[in-house]
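What follows is one structure encoded as structure tokens, with my remarks underneath.
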Amino acid sequence: MTEKNSSEGVNFAGWRVGVGRVRITPEKPTWQGGYASRTHVMEGVLQDIWAKALALEDRDGRVGVIVTMDVCHLPRSVALELKGRLARECGLSREQVILNVSHSHSGPIVGYSPWSIHPLSAAEWEDVYAYTRQLVDKVVAVVVEALARRAPATISTGGGTVCFAVNRRRNVEKDLTPMVTPVGPVDHAVPVMKVEGVKGETIAVLFGYACHNTVLDGYFVCGDYAGYAQEEVERLHPGATALFFQGAGADQNPLPRRKVSYAVQYGRELAAAVEQTLADGMTPCNGVLEMRYAEIPLGLEEPMSVERLSEIAREDGYRGWCARALLEERARGVEPLREYPYPVQFWRVGGQKVFALGGEIVCGYSHAIKNRHGADAFVMGYSNDVMSYMPMPEMWSEGGYEIEDANLCYGLPAPWKRDVTARILDAVDRLAAGYDADNQTEKGR
């Protein structure tokens, strides 16, 4: 497909961009994340999975790196180790790095603590820890690679649309037929960032979508629809690197699903939306990069009592063993958390606003942010720490997994307090306005 070169005849002085990629497919069988119904380790590899890094340097020498990973979750302990090593080895502070995971439920479990909705043995946990150490080493190496490959480039942004995401809280999967119109809030936007070299060649394409990577539920490692979308974009642009980021898709599923053919189809549909955006022309970004980051304390309700946990612990399945794990923590004298340090991040790439939020954020966050900061804003979920679902206010009265069970499954001792949405959006507003939400003082670039 022929692209319109939005940079033709214009000098976007200042950008230097580098990209790197590394295969992160497990080298030995390990557990996959996401589905509590799984009973054993992976059986094979359907598609290789990747960690990729996009390093941006503006005209004043400010550097930011976006890292995407085709895995299910990113616990705080792993994110802290990654950002710590990148600070020591690359001189990158926490606001200079965005870590985003695609939330592929066909990707491996990542983590350093024996906490999961799956009944892993001690030996299987050691395999998870070994994979996690390898992942951290590979991500650090790929960031170093991207930084070393920085060269003059242009950056432009735009957006398309694709419609396979369906609100999973408002629709019953088995009841959705071709004659039934899905209901409920969605965000079908496809934000796209293109990086071109000095000759107009496409170096990298960063794009996102707000939808669970849950087409597939078997025992074969795969990037799901996002993996196939990246492969298709790279096929159409030989030599370029395609990076996928997960958006506010915590309440969105791809439907219909459960077949590899659907994952391929949705990947191609998403890639087609990216291609249309590239072909329609994009908005150039001037050579200025702003980056801000904060961790805000989000409150938890009163921790579940030992009696209530003991009651749940008698259940079979994931609720039971998650409750038993919390009881074991109490028995060791671990004090239940009363609040959680939640990461909020804001970048401005030229005129393009980018918001990166932790956890499994539902699409209502995207709607709220776009209403406040522009419909073209990039909204990333699953960034810098995936600690649980982050609901919107109306969901407390509606109930459901995201309110009733999610925090238990993530090892939190209680549900969120009802003010978490307001606190997150307030932090978003303050960072976008140029304030440090940690201490509420204005923060320069």
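Labels used: A, B, ... for chains in the order of the structure tokens, numbers from 1 for residues in each chain, and numbers from 1 for ligands as shown.
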Given only C-alpha atoms, how would the per-residue table for segment 24-90 of chain A near segment 211-234 of chain A read, listing every residue at most 10 Å away with its closest atom pair and distance in Å to one decimal, sorted by chain and number, as CSV?
residue,atom,partner,partner_atom,distance
A:Thr25,CA,A:Val221,CA,7.5
A:Pro26,CA,A:Val221,CA,8.3
A:Pro29,CA,A:Val221,CA,9.7
A:Thr30,CA,A:Val221,CA,9.7
A:Trp31,CA,A:Tyr219,CA,8.7
A:Gln32,CA,A:Val221,CA,7.6
A:Gly34,CA,A:Thr214,CA,8.6
A:Tyr35,CA,A:Asp217,CA,7.2
A:Ser37,CA,A:Asp217,CA,9.1
A:Arg38,CA,A:Tyr219,CA,8.0
A:Thr39,CA,A:Tyr219,CA,9.6
A:His40,CA,A:Tyr219,CA,8.3
A:Val41,CA,A:Tyr219,CA,7.2
A:Met42,CA,A:Tyr219,CA,4.6
A:Glu43,CA,A:Tyr219,CA,5.3
A:Gly44,CA,A:Phe220,CA,4.8
A:Val45,CA,A:Val221,CA,4.7
A:Leu46,CA,A:Cys222,CA,5.5
A:Gln47,CA,A:Cys222,CA,4.7
A:Asp48,CA,A:Cys222,CA,6.3
A:Ile49,CA,A:Gly223,CA,5.7
A:Trp50,CA,A:Gly223,CA,8.3
A:Met69,CA,A:Gly223,CA,9.4
A:Asp70,CA,A:Gly223,CA,5.7
A:Val71,CA,A:Gly223,CA,7.7
A:Cys72,CA,A:Asn213,CA,8.6
So which residues touch segment 242-250 of chain A within 6 Å, counting only C-alpha atoms, skipping near sequence neighbours fewer than 3 positions away, as a ChimeraX atom specification? /A:102,204-212,230,234,360-363,379-381
Generate the output file for the selected residues, C-alpha atoms, as a short mmCIF file (atom, residue, chain, number, x, y, z; two decimals), in the first residue's frame.
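Final output, out.cif:
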data_model
loop_
_atom_site.label_atom_id
_atom_site.label_comp_id
_atom_site.auth_asym_id
_atom_site.auth_seq_id
_atom_site.Cartn_x
_atom_site.Cartn_y
_atom_site.Cartn_z
CA SER A 102 -0.39 -6.58 25.69
CA ALA A 204 8.58 1.90 13.44
CA VAL A 205 4.81 1.88 13.85
CA LEU A 206 3.39 2.09 17.37
CA PHE A 207 -0.34 1.38 17.64
CA GLY A 208 -2.89 0.37 20.23
CA TYR A 209 -6.37 -0.99 20.84
CA ALA A 210 -8.59 -1.33 23.89
CA CYS A 211 -9.51 -5.01 24.02
CA HIS A 212 -8.45 -8.10 25.95
CA GLN A 230 2.13 -6.73 14.53
CA GLU A 234 5.70 -5.65 9.61
CA GLU A 360 -6.60 -3.28 34.09
CA ILE A 361 -8.46 -0.07 33.32
CA VAL A 362 -11.93 -0.22 31.80
CA CYS A 363 -12.86 1.85 28.77
CA VAL A 379 -4.68 6.08 26.45
CA MET A 380 -2.59 3.12 27.58
CA GLY A 381 -3.71 0.71 30.27
#
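Distances here use only C-alpha atoms; by that measure, the residue among A:Met193, A:Ala146, A:Met291, A:Tyr410 closest to Val386 of chain A is A:Tyr410.
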Please give the complete set of residues from segment 169-334 of chain A that DSSP, run on the backbone, assigns to strand (DSSP E), formatted as a PDB file with N, CA and C atoms, in the first residue's frame.
ATOM      1  N   ALA A 189     -11.182   3.092  19.003  1.00  0.00           N
ATOM      2  CA  ALA A 189     -10.119   3.883  18.381  1.00  0.00           C
ATOM      3  C   ALA A 189      -8.838   3.060  18.238  1.00  0.00           C
ATOM      4  N   VAL A 190      -8.095   3.348  17.165  1.00  0.00           N
ATOM      5  CA  VAL A 190      -6.787   2.740  16.924  1.00  0.00           C
ATOM      6  C   VAL A 190      -5.762   3.865  16.821  1.00  0.00           C
ATOM      7  N   PRO A 191      -5.144   4.264  17.930  1.00  0.00           N
ATOM      8  CA  PRO A 191      -4.114   5.309  17.876  1.00  0.00           C
ATOM      9  C   PRO A 191      -2.848   4.787  17.207  1.00  0.00           C
ATOM     10  N   VAL A 192      -2.238   5.627  16.377  1.00  0.00           N
ATOM     11  CA  VAL A 192      -1.077   5.206  15.597  1.00  0.00           C
ATOM     12  C   VAL A 192       0.002   6.285  15.660  1.00  0.00           C
ATOM     13  N   MET A 193       1.239   5.846  15.884  1.00  0.00           N
ATOM     14  CA  MET A 193       2.410   6.715  15.776  1.00  0.00           C
ATOM     15  C   MET A 193       3.370   6.104  14.761  1.00  0.00           C
ATOM     16  N   LYS A 194       3.793   6.913  13.800  1.00  0.00           N
ATOM     17  CA  LYS A 194       4.717   6.443  12.765  1.00  0.00           C
ATOM     18  C   LYS A 194       6.056   7.147  12.911  1.00  0.00           C
ATOM     19  N   VAL A 195       7.128   6.385  12.780  1.00  0.00           N
ATOM     20  CA  VAL A 195       8.483   6.930  12.783  1.00  0.00           C
ATOM     21  C   VAL A 195       9.102   6.656  11.422  1.00  0.00           C
ATOM     22  N   GLU A 196       9.597   7.716  10.792  1.00  0.00           N
ATOM     23  CA  GLU A 196      10.234   7.595   9.483  1.00  0.00           C
ATOM     24  C   GLU A 196      11.682   8.071   9.547  1.00  0.00           C
ATOM     25  N   THR A 202       9.784   3.818   6.579  1.00  0.00           N
ATOM     26  CA  THR A 202       9.134   3.558   7.862  1.00  0.00           C
ATOM     27  C   THR A 202      10.058   2.733   8.744  1.00  0.00           C
ATOM     28  N   ILE A 203      10.374   3.284   9.904  1.00  0.00           N
ATOM     29  CA  ILE A 203      11.258   2.616  10.854  1.00  0.00           C
ATOM     30  C   ILE A 203      10.445   1.863  11.908  1.00  0.00           C
ATOM     31  N   ALA A 204       9.390   2.506  12.386  1.00  0.00           N
ATOM     32  CA  ALA A 204       8.583   1.895  13.439  1.00  0.00           C
ATOM     33  C   ALA A 204       7.157   2.389  13.332  1.00  0.00           C
ATOM     34  N   VAL A 205       6.217   1.521  13.744  1.00  0.00           N
ATOM     35  CA  VAL A 205       4.808   1.885  13.852  1.00  0.00           C
ATOM     36  C   VAL A 205       4.321   1.419  15.224  1.00  0.00           C
ATOM     37  N   LEU A 206       3.953   2.369  16.050  1.00  0.00           N
ATOM     38  CA  LEU A 206       3.386   2.090  17.367  1.00  0.00           C
ATOM     39  C   LEU A 206       1.877   2.266  17.261  1.00  0.00           C
ATOM     40  N   PHE A 207       1.119   1.274  17.707  1.00  0.00           N
ATOM     41  CA  PHE A 207      -0.336   1.378  17.638  1.00  0.00           C
ATOM     42  C   PHE A 207      -0.974   0.638  18.807  1.00  0.00           C
ATOM     43  N   GLY A 208      -2.223   0.977  19.099  1.00  0.00           N
ATOM     44  CA  GLY A 208      -2.890   0.367  20.233  1.00  0.00           C
ATOM     45  C   GLY A 208      -4.338   0.056  19.950  1.00  0.00           C
ATOM     46  N   TYR A 209      -4.941  -0.685  20.893  1.00  0.00           N
ATOM     47  CA  TYR A 209      -6.369  -0.994  20.841  1.00  0.00           C
ATOM     48  C   TYR A 209      -6.806  -1.380  22.234  1.00  0.00           C
ATOM     49  N   PHE A 220      -0.973 -23.052  23.941  1.00  0.00           N
ATOM     50  CA  PHE A 220       0.102 -22.698  23.027  1.00  0.00           C
ATOM     51  C   PHE A 220       0.399 -21.205  23.144  1.00  0.00           C
ATOM     52  N   VAL A 221       1.678 -20.878  23.323  1.00  0.00           N
ATOM     53  CA  VAL A 221       2.090 -19.483  23.458  1.00  0.00           C
ATOM     54  C   VAL A 221       1.805 -18.728  22.162  1.00  0.00           C
ATOM     55  N   THR A 241       9.616  -2.042  12.529  1.00  0.00           N
ATOM     56  CA  THR A 241       9.195  -2.734  13.749  1.00  0.00           C
ATOM     57  C   THR A 241       7.828  -2.215  14.158  1.00  0.00           C
ATOM     58  N   ALA A 242       6.888  -3.131  14.359  1.00  0.00           N
ATOM     59  CA  ALA A 242       5.546  -2.778  14.823  1.00  0.00           C
ATOM     60  C   ALA A 242       5.449  -3.076  16.307  1.00  0.00           C
ATOM     61  N   LEU A 243       4.954  -2.101  17.061  1.00  0.00           N
ATOM     62  CA  LEU A 243       4.804  -2.238  18.511  1.00  0.00           C
ATOM     63  C   LEU A 243       3.337  -2.031  18.869  1.00  0.00           C
ATOM     64  N   PHE A 244       2.758  -2.973  19.608  1.00  0.00           N
ATOM     65  CA  PHE A 244       1.366  -2.871  20.046  1.00  0.00           C
ATOM     66  C   PHE A 244       1.307  -2.499  21.514  1.00  0.00           C
ATOM     67  N   PHE A 245       0.434  -1.520  21.862  1.00  0.00           N
ATOM     68  CA  PHE A 245       0.179  -1.263  23.273  1.00  0.00           C
ATOM     69  C   PHE A 245      -1.292  -1.520  23.585  1.00  0.00           C
ATOM     70  N   GLN A 246      -1.525  -2.064  24.772  1.00  0.00           N
ATOM     71  CA  GLN A 246      -2.890  -2.332  25.227  1.00  0.00           C
ATOM     72  C   GLN A 246      -3.502  -1.061  25.785  1.00  0.00           C
ATOM     73  N   GLN A 252     -13.436  -5.279  27.830  1.00  0.00           N
ATOM     74  CA  GLN A 252     -13.678  -5.562  26.417  1.00  0.00           C
ATOM     75  C   GLN A 252     -13.110  -6.921  26.027  1.00  0.00           C
ATOM     76  N   ASN A 253     -13.900  -7.691  25.295  1.00  0.00           N
ATOM     77  CA  ASN A 253     -13.435  -8.954  24.737  1.00  0.00           C
ATOM     78  C   ASN A 253     -13.614  -8.956  23.226  1.00  0.00           C
ATOM     79  N   PRO A 254     -12.732  -9.666  22.505  1.00  0.00           N
ATOM     80  CA  PRO A 254     -12.937  -9.860  21.076  1.00  0.00           C
ATOM     81  C   PRO A 254     -13.977 -10.961  20.868  1.00  0.00           C
ATOM     82  N   THR A 283      -0.528  13.597  11.391  1.00  0.00           N
ATOM     83  CA  THR A 283      -0.131  14.907  11.906  1.00  0.00           C
ATOM     84  C   THR A 283       1.313  14.857  12.395  1.00  0.00           C
ATOM     85  N   PRO A 284       2.187  15.707  11.867  1.00  0.00           N
ATOM     86  CA  PRO A 284       3.587  15.691  12.309  1.00  0.00           C
ATOM     87  C   PRO A 284       3.723  16.185  13.746  1.00  0.00           C
ATOM     88  N   LEU A 289       9.571  16.784  23.716  1.00  0.00           N
ATOM     89  CA  LEU A 289       9.079  15.664  24.499  1.00  0.00           C
ATOM     90  C   LEU A 289       8.930  16.088  25.956  1.00  0.00           C
ATOM     91  N   GLU A 290       7.726  16.002  26.481  1.00  0.00           N
ATOM     92  CA  GLU A 290       7.464  16.234  27.901  1.00  0.00           C
ATOM     93  C   GLU A 290       7.130  14.910  28.557  1.00  0.00           C
ATOM     94  N   MET A 291       7.608  14.703  29.798  1.00  0.00           N
ATOM     95  CA  MET A 291       7.372  13.436  30.488  1.00  0.00           C
ATOM     96  C   MET A 291       7.152  13.698  31.974  1.00  0.00           C
ATOM     97  N   ARG A 292       6.071  13.168  32.516  1.00  0.00           N
ATOM     98  CA  ARG A 292       5.801  13.290  33.941  1.00  0.00           C
ATOM     99  C   ARG A 292       5.226  11.980  34.471  1.00  0.00           C
ATOM    100  N   TYR A 293       5.464  11.726  35.745  1.00  0.00           N
ATOM    101  CA  TYR A 293       5.068  10.450  36.363  1.00  0.00           C
ATOM    102  C   TYR A 293       4.750  10.709  37.827  1.00  0.00           C
ATOM    103  N   ALA A 294       3.760   9.973  38.318  1.00  0.00           N
ATOM    104  CA  ALA A 294       3.448  10.047  39.746  1.00  0.00           C
ATOM    105  C   ALA A 294       2.921   8.702  40.212  1.00  0.00           C
ATOM    106  N   GLU A 295       3.111   8.416  41.486  1.00  0.00           N
ATOM    107  CA  GLU A 295       2.444   7.284  42.126  1.00  0.00           C
ATOM    108  C   GLU A 295       1.539   7.853  43.206  1.00  0.00           C
ATOM    109  N   ILE A 296       0.258   7.585  43.097  1.00  0.00           N
ATOM    110  CA  ILE A 296      -0.713   8.146  44.032  1.00  0.00           C
ATOM    111  C   ILE A 296      -1.257   7.032  44.919  1.00  0.00           C
ATOM    112  N   PRO A 297      -1.492   7.310  46.205  1.00  0.00           N
ATOM    113  CA  PRO A 297      -2.025   6.276  47.092  1.00  0.00           C
ATOM    114  C   PRO A 297      -3.522   6.079  46.867  1.00  0.00           C
ATOM    115  N   LEU A 298      -3.898   4.865  46.490  1.00  0.00           N
ATOM    116  CA  LEU A 298      -5.307   4.513  46.342  1.00  0.00           C
ATOM    117  C   LEU A 298      -5.734   3.648  47.518  1.00  0.00           C
ATOM    118  N   GLY A 299      -6.816   4.036  48.148  1.00  0.00           N
ATOM    119  CA  GLY A 299      -7.249   3.337  49.342  1.00  0.00           C
ATOM    120  C   GLY A 299      -7.986   2.041  49.072  1.00  0.00           C
TER     121      GLY A 299
END
One decimal, in Å: what's the spacing between atom CA of Gly351 of chain A and atom CA of Thr154 of chain A?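 Computed distance, atom CA of Gly351 of chain A to atom CA of Thr154 of chain A, equals 13.5 Å.
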Report as CSV the residues of segment 267-357 of chain A within 12 Å of segment 55-67 of chain A, each with its shortest atom pair and distance in Å (one decimal), using only C-alpha atoms, ordered by chain and increasing residue number.
residue,atom,partner,partner_atom,distance
A:Cys285,CA,A:Asp58,CA,10.4
A:Asn286,CA,A:Asp58,CA,8.7
A:Gly287,CA,A:Asp58,CA,5.0
A:Val288,CA,A:Asp58,CA,5.3
A:Leu289,CA,A:Asp58,CA,5.7
A:Glu290,CA,A:Arg62,CA,8.1
A:Met291,CA,A:Gly64,CA,7.7
A:Arg292,CA,A:Gly64,CA,10.6
A:Gln345,CA,A:Ile66,CA,11.8
A:Phe346,CA,A:Gly64,CA,11.4
A:Trp347,CA,A:Gly64,CA,8.9
A:Arg348,CA,A:Gly64,CA,10.6
A:Val349,CA,A:Asp58,CA,8.8
A:Gly350,CA,A:Asp58,CA,9.0
A:Val354,CA,A:Ile66,CA,11.0
A:Ala356,CA,A:Ile66,CA,10.4
Give me a file of those residues, with N, CA and C atoms, as a PDB file, in the first residue's frame.
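As a result, again.pdb now contains:
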ATOM      1  N   CYS A 285       4.690  15.627  14.444  1.00  0.00           N
ATOM      2  CA  CYS A 285       4.982  16.022  15.825  1.00  0.00           C
ATOM      3  C   CYS A 285       6.268  16.842  15.849  1.00  0.00           C
ATOM      4  N   ASN A 286       6.209  18.030  16.452  1.00  0.00           N
ATOM      5  CA  ASN A 286       7.432  18.812  16.570  1.00  0.00           C
ATOM      6  C   ASN A 286       8.362  18.180  17.589  1.00  0.00           C
ATOM      7  N   GLY A 287       9.596  18.638  17.610  1.00  0.00           N
ATOM      8  CA  GLY A 287      10.637  17.952  18.360  1.00  0.00           C
ATOM      9  C   GLY A 287      10.715  18.274  19.831  1.00  0.00           C
ATOM     10  N   VAL A 288       9.585  18.198  20.536  1.00  0.00           N
ATOM     11  CA  VAL A 288       9.562  18.467  21.970  1.00  0.00           C
ATOM     12  C   VAL A 288       8.902  17.306  22.692  1.00  0.00           C
ATOM     13  N   LEU A 289       9.571  16.784  23.716  1.00  0.00           N
ATOM     14  CA  LEU A 289       9.079  15.664  24.499  1.00  0.00           C
ATOM     15  C   LEU A 289       8.930  16.088  25.956  1.00  0.00           C
ATOM     16  N   GLU A 290       7.726  16.002  26.481  1.00  0.00           N
ATOM     17  CA  GLU A 290       7.464  16.234  27.901  1.00  0.00           C
ATOM     18  C   GLU A 290       7.130  14.910  28.557  1.00  0.00           C
ATOM     19  N   MET A 291       7.608  14.703  29.798  1.00  0.00           N
ATOM     20  CA  MET A 291       7.372  13.436  30.488  1.00  0.00           C
ATOM     21  C   MET A 291       7.152  13.698  31.974  1.00  0.00           C
ATOM     22  N   ARG A 292       6.071  13.168  32.516  1.00  0.00           N
ATOM     23  CA  ARG A 292       5.801  13.290  33.941  1.00  0.00           C
ATOM     24  C   ARG A 292       5.226  11.980  34.471  1.00  0.00           C
ATOM     25  N   GLN A 345       1.110   8.198  34.369  1.00  0.00           N
ATOM     26  CA  GLN A 345       2.191   8.751  33.561  1.00  0.00           C
ATOM     27  C   GLN A 345       1.608   9.582  32.417  1.00  0.00           C
ATOM     28  N   PHE A 346       2.288  10.676  32.109  1.00  0.00           N
ATOM     29  CA  PHE A 346       1.867  11.545  31.013  1.00  0.00           C
ATOM     30  C   PHE A 346       3.067  11.920  30.158  1.00  0.00           C
ATOM     31  N   TRP A 347       2.911  11.780  28.854  1.00  0.00           N
ATOM     32  CA  TRP A 347       3.884  12.274  27.896  1.00  0.00           C
ATOM     33  C   TRP A 347       3.179  13.198  26.911  1.00  0.00           C
ATOM     34  N   ARG A 348       3.946  14.144  26.402  1.00  0.00           N
ATOM     35  CA  ARG A 348       3.505  14.912  25.247  1.00  0.00           C
ATOM     36  C   ARG A 348       4.613  14.793  24.201  1.00  0.00           C
ATOM     37  N   VAL A 349       4.286  14.140  23.087  1.00  0.00           N
ATOM     38  CA  VAL A 349       5.229  13.946  21.993  1.00  0.00           C
ATOM     39  C   VAL A 349       4.869  14.959  20.915  1.00  0.00           C
ATOM     40  N   GLY A 350       5.580  16.079  20.889  1.00  0.00           N
ATOM     41  CA  GLY A 350       5.110  17.185  20.068  1.00  0.00           C
ATOM     42  C   GLY A 350       3.769  17.638  20.599  1.00  0.00           C
ATOM     43  N   VAL A 354      -0.095  11.541  25.507  1.00  0.00           N
ATOM     44  CA  VAL A 354      -0.056  10.110  25.783  1.00  0.00           C
ATOM     45  C   VAL A 354      -0.232   9.914  27.283  1.00  0.00           C
ATOM     46  N   ALA A 356      -0.509   6.969  30.309  1.00  0.00           N
ATOM     47  CA  ALA A 356      -0.241   5.565  30.631  1.00  0.00           C
ATOM     48  C   ALA A 356      -0.658   5.305  32.068  1.00  0.00           C
TER      49      ALA A 356
END
Using the chain letters and numbers from this document, which residues of segment 92-146 of chain A does DSSP assign to alpha helix (DSSP H), as an mmCIF file with C-alpha atoms, in the first residue's frame?
data_model
loop_
_atom_site.group_PDB
_atom_site.id
_atom_site.type_symbol
_atom_site.label_atom_id
_atom_site.label_comp_id
_atom_site.auth_asym_id
_atom_site.auth_seq_id
_atom_site.Cartn_x
_atom_site.Cartn_y
_atom_site.Cartn_z
ATOM 1 C CA ALA A 122 7.274 -25.147 43.857
ATOM 2 C CA ALA A 123 9.275 -26.412 40.862
ATOM 3 C CA GLU A 124 6.891 -24.688 38.442
ATOM 4 C CA TRP A 125 7.298 -21.431 40.355
ATOM 5 C CA GLU A 126 11.055 -21.735 39.958
ATOM 6 C CA ASP A 127 10.516 -21.944 36.198
ATOM 7 C CA VAL A 128 8.388 -18.776 36.351
ATOM 8 C CA TYR A 129 11.102 -16.987 38.318
ATOM 9 C CA ALA A 130 13.755 -18.111 35.826
ATOM 10 C CA TYR A 131 11.662 -16.854 32.903
ATOM 11 C CA THR A 132 11.093 -13.548 34.681
ATOM 12 C CA ARG A 133 14.827 -13.043 35.227
ATOM 13 C CA GLN A 134 15.446 -13.753 31.548
ATOM 14 C CA LEU A 135 12.675 -11.330 30.551
ATOM 15 C CA VAL A 136 14.164 -8.548 32.659
ATOM 16 C CA ASP A 137 17.616 -9.111 31.163
ATOM 17 C CA LYS A 138 16.190 -9.101 27.645
ATOM 18 C CA VAL A 139 14.139 -5.951 28.167
ATOM 19 C CA VAL A 140 17.136 -4.066 29.546
ATOM 20 C CA ALA A 141 19.213 -5.257 26.585
ATOM 21 C CA VAL A 142 16.595 -4.219 24.036
ATOM 22 C CA VAL A 143 16.345 -0.735 25.570
ATOM 23 C CA VAL A 144 20.126 -0.423 25.364
ATOM 24 C CA GLU A 145 19.881 -1.485 21.719
ATOM 25 C CA ALA A 146 17.158 1.071 20.928
#
Smallest atom-to-atom distance to Val334 of chain A: which of A:Gly160, A:Gly358, A:Gly239, A:Pro413, using only C-alpha atoms?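 Using only C-alpha atoms, Val334 of chain A sits closest to A:Pro413.
Here atom CA of Trp15 of chain A and atom CA of Arg149 of chain A stand 12.7 Å from one another.
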Determine the nearest neighbour of Val78 of chain A from the options A:Leu326, A:Leu99, A:Leu92, A:Ala151, counting only C-alpha atoms.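 That would be A:Leu99, the residue with the smallest distance to Val78 of chain A.
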